[in-house]
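Pasting protein03.cif here (mmCIF, N, CA and C atoms and all ligand atoms):
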```
data_protein
loop_
_atom_site.label_atom_id
_atom_site.label_comp_id
_atom_site.auth_asym_id
_atom_site.auth_seq_id
_atom_site.Cartn_x
_atom_site.Cartn_y
_atom_site.Cartn_z
N MET A 1 34.44 58.16 117.97
CA MET A 1 33.80 57.39 116.91
C MET A 1 32.36 57.86 116.75
N PRO A 2 31.99 58.24 115.58
CA PRO A 2 30.63 58.76 115.38
C PRO A 2 29.60 57.66 115.52
N HIS A 3 28.46 58.04 115.99
CA HIS A 3 27.39 57.08 116.14
C HIS A 3 26.76 56.80 114.79
N ASP A 4 26.48 55.56 114.55
CA ASP A 4 25.73 55.20 113.37
C ASP A 4 24.27 55.06 113.79
N THR A 5 23.51 56.07 113.47
CA THR A 5 22.14 56.09 113.98
C THR A 5 21.24 55.13 113.22
N ASN A 6 21.76 54.49 112.21
CA ASN A 6 20.94 53.52 111.50
C ASN A 6 20.84 52.19 112.26
N LEU A 7 21.69 52.06 113.26
CA LEU A 7 21.72 50.81 113.99
C LEU A 7 20.79 50.85 115.17
N SER A 8 20.13 49.75 115.41
CA SER A 8 19.39 49.61 116.65
C SER A 8 20.40 49.35 117.76
N PRO A 9 19.99 49.58 119.01
CA PRO A 9 20.92 49.28 120.10
C PRO A 9 21.42 47.84 120.06
N ALA A 10 20.53 46.93 119.71
CA ALA A 10 20.93 45.52 119.67
C ALA A 10 22.00 45.30 118.60
N GLN A 11 21.81 45.93 117.44
CA GLN A 11 22.80 45.80 116.37
C GLN A 11 24.10 46.48 116.76
N GLY A 12 23.97 47.63 117.42
CA GLY A 12 25.15 48.34 117.86
C GLY A 12 25.95 47.51 118.86
N ALA A 13 25.22 46.85 119.75
CA ALA A 13 25.89 46.01 120.74
C ALA A 13 26.59 44.84 120.04
N GLN A 14 25.92 44.31 119.05
CA GLN A 14 26.50 43.19 118.32
C GLN A 14 27.78 43.60 117.60
N GLN A 15 27.73 44.77 116.98
CA GLN A 15 28.92 45.24 116.27
C GLN A 15 30.05 45.55 117.24
N ALA A 16 29.69 46.18 118.36
CA ALA A 16 30.71 46.50 119.36
C ALA A 16 31.34 45.23 119.89
N GLU A 17 30.50 44.22 120.03
CA GLU A 17 31.00 42.95 120.54
C GLU A 17 32.03 42.35 119.59
N GLN A 18 31.74 42.43 118.30
CA GLN A 18 32.69 41.91 117.32
C GLN A 18 33.97 42.73 117.32
N ARG A 19 33.81 44.02 117.52
CA ARG A 19 34.97 44.91 117.47
C ARG A 19 35.85 44.73 118.70
N LEU A 20 35.20 44.57 119.84
CA LEU A 20 35.95 44.56 121.10
C LEU A 20 36.28 43.15 121.59
N GLY A 21 35.55 42.19 121.10
CA GLY A 21 35.79 40.84 121.58
C GLY A 21 35.29 40.62 122.99
N LYS A 22 34.35 41.48 123.41
CA LYS A 22 33.74 41.30 124.73
C LYS A 22 32.24 41.27 124.56
N PRO A 23 31.56 40.59 125.47
CA PRO A 23 30.10 40.62 125.39
C PRO A 23 29.60 42.05 125.56
N CYS A 24 28.71 42.47 124.68
CA CYS A 24 28.21 43.84 124.77
C CYS A 24 26.70 43.83 124.93
N PHE A 25 26.24 44.78 125.69
CA PHE A 25 24.81 44.90 125.96
C PHE A 25 24.41 46.35 125.76
N TYR A 26 23.13 46.61 125.92
CA TYR A 26 22.68 47.95 125.64
C TYR A 26 21.64 48.40 126.65
N THR A 27 21.43 49.70 126.66
CA THR A 27 20.51 50.33 127.58
C THR A 27 19.17 49.62 127.59
N GLY A 28 18.72 49.30 128.78
CA GLY A 28 17.41 48.68 128.91
C GLY A 28 17.47 47.20 129.18
N GLN A 29 18.63 46.60 128.93
CA GLN A 29 18.75 45.19 129.24
C GLN A 29 19.07 45.05 130.73
N LYS A 30 18.44 44.10 131.35
CA LYS A 30 18.67 43.89 132.77
C LYS A 30 19.72 42.80 132.92
N VAL A 31 20.93 43.28 133.15
CA VAL A 31 22.03 42.33 133.25
C VAL A 31 23.05 42.88 134.24
N PRO A 32 23.32 42.14 135.30
CA PRO A 32 24.23 42.63 136.32
C PRO A 32 25.68 42.42 135.95
N GLY A 33 26.53 43.25 136.52
CA GLY A 33 27.96 43.08 136.28
C GLY A 33 28.67 44.41 136.15
N THR A 34 29.94 44.33 135.85
CA THR A 34 30.74 45.53 135.63
C THR A 34 30.79 45.79 134.13
N PHE A 35 30.43 47.00 133.76
CA PHE A 35 30.37 47.35 132.34
C PHE A 35 31.17 48.61 132.08
N ALA A 36 31.68 48.70 130.88
CA ALA A 36 32.39 49.90 130.46
C ALA A 36 31.71 50.44 129.21
N CYS A 37 31.48 51.73 129.21
CA CYS A 37 30.93 52.39 128.03
C CYS A 37 31.88 52.16 126.86
N VAL A 38 31.33 51.75 125.72
CA VAL A 38 32.20 51.46 124.58
C VAL A 38 32.75 52.73 123.95
N THR A 39 32.17 53.87 124.28
CA THR A 39 32.63 55.12 123.69
C THR A 39 33.66 55.83 124.56
N CYS A 40 33.34 55.95 125.87
CA CYS A 40 34.23 56.75 126.70
C CYS A 40 34.85 55.94 127.85
N GLN A 41 34.57 54.63 127.85
CA GLN A 41 35.16 53.75 128.87
C GLN A 41 34.69 54.04 130.29
N PHE A 42 33.66 54.83 130.43
CA PHE A 42 33.10 55.06 131.75
C PHE A 42 32.64 53.72 132.31
N ARG A 43 33.04 53.46 133.56
CA ARG A 43 32.71 52.15 134.14
C ARG A 43 31.57 52.25 135.14
N ILE A 44 30.73 51.24 135.09
CA ILE A 44 29.66 51.17 136.07
C ILE A 44 29.59 49.76 136.63
N GLY A 45 29.16 49.69 137.88
CA GLY A 45 28.80 48.40 138.46
C GLY A 45 27.29 48.32 138.39
N ASN A 46 26.81 47.51 137.49
CA ASN A 46 25.38 47.52 137.23
C ASN A 46 24.67 46.38 137.96
N ARG A 47 23.52 46.70 138.53
CA ARG A 47 22.75 45.66 139.21
C ARG A 47 21.36 45.49 138.60
N GLY A 48 20.88 46.51 137.98
CA GLY A 48 19.52 46.42 137.44
C GLY A 48 19.54 46.52 135.93
N VAL A 49 18.77 47.49 135.45
CA VAL A 49 18.70 47.70 134.02
C VAL A 49 19.83 48.63 133.60
N LEU A 50 20.48 48.30 132.51
CA LEU A 50 21.58 49.15 132.05
C LEU A 50 21.06 50.55 131.70
N PRO A 51 21.72 51.57 132.18
CA PRO A 51 21.34 52.94 131.84
C PRO A 51 22.04 53.37 130.55
N SER A 52 21.76 54.56 130.12
CA SER A 52 22.63 55.18 129.13
C SER A 52 23.87 55.66 129.87
N CYS A 53 24.97 55.78 129.15
CA CYS A 53 26.19 56.23 129.80
C CYS A 53 25.95 57.60 130.43
N PRO A 54 26.19 57.71 131.74
CA PRO A 54 25.98 59.01 132.40
C PRO A 54 26.94 60.08 131.92
N ASP A 55 28.00 59.65 131.27
CA ASP A 55 29.01 60.61 130.84
C ASP A 55 28.79 61.09 129.42
N CYS A 56 28.49 60.14 128.52
CA CYS A 56 28.40 60.54 127.10
C CYS A 56 27.10 60.13 126.43
N GLY A 57 26.26 59.40 127.15
CA GLY A 57 24.97 59.06 126.56
C GLY A 57 24.97 57.80 125.72
N GLU A 58 26.10 57.16 125.62
CA GLU A 58 26.19 55.92 124.84
C GLU A 58 25.22 54.87 125.37
N MET A 59 24.70 54.05 124.48
CA MET A 59 23.76 53.02 124.90
C MET A 59 24.40 51.62 124.92
N ILE A 60 25.60 51.53 124.46
CA ILE A 60 26.24 50.22 124.35
C ILE A 60 27.29 50.07 125.44
N TRP A 61 27.23 48.95 126.11
CA TRP A 61 28.13 48.67 127.22
C TRP A 61 28.87 47.37 126.96
N ALA A 62 30.15 47.38 127.25
CA ALA A 62 30.93 46.14 127.15
C ALA A 62 31.02 45.52 128.54
N TYR A 63 30.76 44.24 128.58
CA TYR A 63 30.84 43.51 129.85
C TYR A 63 32.29 43.29 130.20
N MET A 64 32.67 43.75 131.41
CA MET A 64 34.08 43.68 131.79
C MET A 64 34.37 42.56 132.79
N GLY A 65 33.35 41.84 133.15
CA GLY A 65 33.55 40.78 134.13
C GLY A 65 34.22 39.56 133.52
N ASP A 66 34.53 38.67 134.40
CA ASP A 66 35.10 37.41 133.93
C ASP A 66 33.97 36.39 133.78
N GLY A 67 34.35 35.27 133.24
CA GLY A 67 33.38 34.20 133.18
C GLY A 67 32.53 34.26 131.94
N PRO A 68 31.54 33.43 131.91
CA PRO A 68 30.71 33.33 130.71
C PRO A 68 29.88 34.58 130.50
N ARG A 69 29.45 34.70 129.32
CA ARG A 69 28.60 35.83 128.96
C ARG A 69 27.32 35.82 129.79
N PRO A 70 27.05 36.93 130.46
CA PRO A 70 25.80 36.98 131.23
C PRO A 70 24.59 37.06 130.30
N VAL A 71 23.52 36.49 130.75
CA VAL A 71 22.30 36.53 129.96
C VAL A 71 21.34 37.50 130.60
N PRO A 72 20.91 38.51 129.87
CA PRO A 72 19.98 39.49 130.44
C PRO A 72 18.72 38.81 130.94
N GLU A 73 18.21 39.32 132.04
CA GLU A 73 17.00 38.75 132.60
C GLU A 73 15.86 38.84 131.59
N GLY A 74 15.13 37.76 131.52
CA GLY A 74 13.99 37.75 130.61
C GLY A 74 14.34 37.39 129.19
N GLU A 75 15.63 37.09 128.96
CA GLU A 75 16.02 36.72 127.61
C GLU A 75 16.56 35.30 127.62
N VAL A 76 16.35 34.66 126.53
CA VAL A 76 16.92 33.34 126.36
C VAL A 76 18.25 33.52 125.66
N ALA A 77 19.25 32.83 126.13
CA ALA A 77 20.56 32.93 125.51
C ALA A 77 20.43 32.55 124.04
N PRO A 78 20.83 33.45 123.17
CA PRO A 78 20.71 33.14 121.74
C PRO A 78 21.73 32.08 121.35
N PRO A 79 21.41 31.29 120.38
CA PRO A 79 22.40 30.32 119.92
C PRO A 79 23.58 31.06 119.33
N PRO A 80 24.75 30.50 119.43
CA PRO A 80 25.92 31.18 118.85
C PRO A 80 25.69 31.46 117.38
N GLU A 81 26.17 32.60 116.97
CA GLU A 81 25.95 33.03 115.59
C GLU A 81 26.43 31.97 114.60
N ALA A 82 27.59 31.40 114.92
CA ALA A 82 28.19 30.45 113.99
C ALA A 82 27.32 29.21 113.82
N ALA A 83 26.65 28.85 114.88
CA ALA A 83 25.87 27.61 114.83
C ALA A 83 24.71 27.74 113.85
N THR A 84 24.17 28.95 113.75
CA THR A 84 23.04 29.10 112.86
C THR A 84 23.49 29.43 111.44
N ALA A 85 24.64 30.08 111.33
CA ALA A 85 25.09 30.49 110.01
C ALA A 85 25.82 29.38 109.28
N ALA A 86 26.48 28.52 110.04
CA ALA A 86 27.28 27.49 109.39
C ALA A 86 26.38 26.45 108.74
N PRO A 87 26.81 25.96 107.62
CA PRO A 87 26.03 24.89 107.00
C PRO A 87 26.08 23.64 107.87
N VAL A 88 25.03 22.92 107.82
CA VAL A 88 24.99 21.69 108.60
C VAL A 88 25.87 20.66 107.92
N VAL A 89 26.84 20.20 108.66
CA VAL A 89 27.72 19.18 108.11
C VAL A 89 27.44 17.88 108.85
N ALA A 90 26.89 16.97 108.16
CA ALA A 90 26.59 15.67 108.78
C ALA A 90 27.70 14.71 108.40
N GLU A 91 28.29 14.13 109.41
CA GLU A 91 29.34 13.17 109.12
C GLU A 91 28.83 11.76 109.36
N ASN A 92 29.53 10.85 108.80
CA ASN A 92 29.16 9.44 108.95
C ASN A 92 27.75 9.16 108.45
N VAL A 93 27.41 9.91 107.46
CA VAL A 93 26.11 9.65 106.87
C VAL A 93 26.29 8.55 105.83
N ALA A 94 25.50 7.54 105.97
CA ALA A 94 25.59 6.44 105.01
C ALA A 94 25.22 6.95 103.63
N LEU A 95 26.13 6.69 102.73
CA LEU A 95 25.90 7.22 101.38
C LEU A 95 25.18 6.18 100.52
N GLU A 96 24.11 5.74 101.05
CA GLU A 96 23.36 4.77 100.27
C GLU A 96 22.58 5.52 99.20
N PRO A 97 22.47 4.86 98.10
CA PRO A 97 21.67 5.52 97.05
C PRO A 97 20.25 5.69 97.53
N THR A 98 19.74 6.82 97.20
CA THR A 98 18.35 7.03 97.58
C THR A 98 17.48 6.07 96.80
N VAL A 99 16.49 5.65 97.48
CA VAL A 99 15.59 4.70 96.84
C VAL A 99 14.86 5.42 95.72
N GLN A 100 15.03 4.85 94.57
CA GLN A 100 14.38 5.49 93.44
C GLN A 100 12.91 5.13 93.40
N ALA A 101 12.22 6.07 92.94
CA ALA A 101 10.81 5.77 92.77
C ALA A 101 10.71 4.63 91.76
N PRO A 102 9.99 3.63 92.14
CA PRO A 102 9.91 2.48 91.22
C PRO A 102 9.37 2.91 89.87
N VAL A 103 10.10 2.43 88.89
CA VAL A 103 9.66 2.77 87.54
C VAL A 103 8.62 1.75 87.12
N LYS A 104 7.57 2.25 86.77
CA LYS A 104 6.49 1.35 86.38
C LYS A 104 6.66 0.98 84.93
N VAL A 105 6.88 -0.25 84.77
CA VAL A 105 7.04 -0.70 83.39
C VAL A 105 5.76 -1.40 82.98
N GLU A 106 5.15 -0.80 82.09
CA GLU A 106 3.92 -1.45 81.61
C GLU A 106 4.14 -1.88 80.20
N GLU A 107 3.75 -3.05 79.98
CA GLU A 107 3.93 -3.53 78.63
C GLU A 107 2.57 -3.53 77.93
N GLY A 108 2.72 -3.41 76.72
CA GLY A 108 1.49 -3.45 75.95
C GLY A 108 0.68 -2.18 76.07
N VAL A 109 1.38 -1.10 76.49
CA VAL A 109 0.63 0.15 76.58
C VAL A 109 0.66 0.80 75.21
N ARG A 110 -0.41 1.13 74.76
CA ARG A 110 -0.46 1.80 73.46
C ARG A 110 -0.26 3.29 73.68
N LEU A 111 0.66 3.81 72.92
CA LEU A 111 0.98 5.21 73.09
C LEU A 111 -0.03 6.11 72.41
N GLU A 112 -0.79 5.54 71.59
CA GLU A 112 -1.80 6.37 70.93
C GLU A 112 -3.15 5.80 71.19
N PRO A 113 -4.03 6.64 71.40
CA PRO A 113 -5.41 6.16 71.65
C PRO A 113 -5.97 5.45 70.44
ZN ZN A 201 30.27 56.96 127.73
#
```

Would you give me this structure, written as structure tokens?
Amino acid sequence: MPHDTNLSPAQGAQQAEQRLGKPCFYTGQKVPGTFACVTCQFRIGNRGVLPSCPDCGEMIWAYMGDGPRPVPEGEVAPPPEAATAAPVVAENVALEPTVQAPVKVEEGVRLEP
């Protein structure tokens, strides 16, 4: 699969994640675990910062471990994509009419000076 050089590693990891259905990370992220190169399936047991693939130079790694998605050190777990993209659906919202701005009724107002 040809590399799309227009993608940042983070975007590449995101796309690989969607394609593979596994958490994907990229070179430079400090995240421990067993990873497989998304290009050549080279496997590494990573303890520190993810390297580039020693075999093909790929920067994107698929997390092969079990359990929840690991969070790279120094990063805050991002909110799930769906949570931010989905419209907010509020249920059980009282459908009371909004209070209308009081209409000021003035009598005896002359419309012309
Ligand atoms: Zn590789």

For CA of Ala36 (chain A) and atom C of Glu75 (chain A), determine how far apart the two atoms are, in Å to one decimal place.
->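 Computing the Euclidean distance for CA of Ala36 (chain A) and atom C of Glu75 (chain A) yields 21.7 Å.
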
List every residue of region 26-77 of chain A that DSSP, applied to the backbone, labels as strand (DSSP E), and write the result as a VMD selection string.
-> chain A and resid 26 33 to 37 43 to 46 60 to 63

Collect all residues with atoms no farther than 10 Å from ligand ZN 201 (chain A), counting only C-alpha atoms and all ligand atoms, and output them as a ChimeraX atom specification.
-> /A:36-43,52-61

Could you work out how far atom N of Val76 (chain A) lies from CA of Pro32 (chain A), giving the answer in Å with one decimal?
->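 Separation of CA of Pro32 (chain A) and atom N of Val76 (chain A): 14.9 Å.
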
If you count all atoms listed in the file, the residue of A:Gly48, A:Gly108, A:Thr27, A:Phe35 closest to Met64 (chain A) turns out to be A:Phe35

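The coordinates place CA of Asn6 (chain A) at 26.2 Å from CA of Pro70 (chain A).
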
Please identify all polymer residues lying at most 6 Å from the point (17.8, 46.8, 134.8) (file coordinates), using all atoms listed in the file, and present the result as a short mmCIF file (atom, residue, chain, number, x, y, z; two decimals) with N, CA and C atoms, in the frame of the given file.
```cif
data_model
loop_
_atom_site.label_atom_id
_atom_site.label_comp_id
_atom_site.auth_asym_id
_atom_site.auth_seq_id
_atom_site.Cartn_x
_atom_site.Cartn_y
_atom_site.Cartn_z
N GLY A 28 18.72 49.30 128.78
CA GLY A 28 17.41 48.68 128.91
C GLY A 28 17.47 47.20 129.18
N GLN A 29 18.63 46.60 128.93
CA GLN A 29 18.75 45.19 129.24
C GLN A 29 19.07 45.05 130.73
N LYS A 30 18.44 44.10 131.35
CA LYS A 30 18.67 43.89 132.77
C LYS A 30 19.72 42.80 132.92
N VAL A 31 20.93 43.28 133.15
CA VAL A 31 22.03 42.33 133.25
C VAL A 31 23.05 42.88 134.24
N ARG A 47 23.52 46.70 138.53
CA ARG A 47 22.75 45.66 139.21
C ARG A 47 21.36 45.49 138.60
N GLY A 48 20.88 46.51 137.98
CA GLY A 48 19.52 46.42 137.44
C GLY A 48 19.54 46.52 135.93
N VAL A 49 18.77 47.49 135.45
CA VAL A 49 18.70 47.70 134.02
C VAL A 49 19.83 48.63 133.60
N LEU A 50 20.48 48.30 132.51
CA LEU A 50 21.58 49.15 132.05
C LEU A 50 21.06 50.55 131.70
#
```

Let me know the centre plus edge lengths, in Å and rounded to one decimal, of a box with edges along x, y and z that contains all listed atoms of region 7-22 of chain A and is padded by 6 Å on every side, as lines of an AutoDock Vina configuration file.
```
center_x = 27.8
center_y = 46.3
center_z = 119.0
size_x = 28.9
size_y = 23.4
size_z = 23.5
```

Distance query Arg69 (chain A) at most 7 Å, only N, CA and C atoms, self and fewer than 3 positions along chain excluded, as a ChimeraX atom specification | /A:23,66,72

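The residue that comes closest to Lys22 (chain A), out of A:Ala62, A:Glu112, A:Glu107, A:Ala94 and on the basis of only C-alpha atoms, is A:Ala62.
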
Among A:Ile44, A:Glu91, A:Pro51, A:Tyr63, Ala16 (chain A) is approached most closely, using only C-alpha atoms, by A:Tyr63
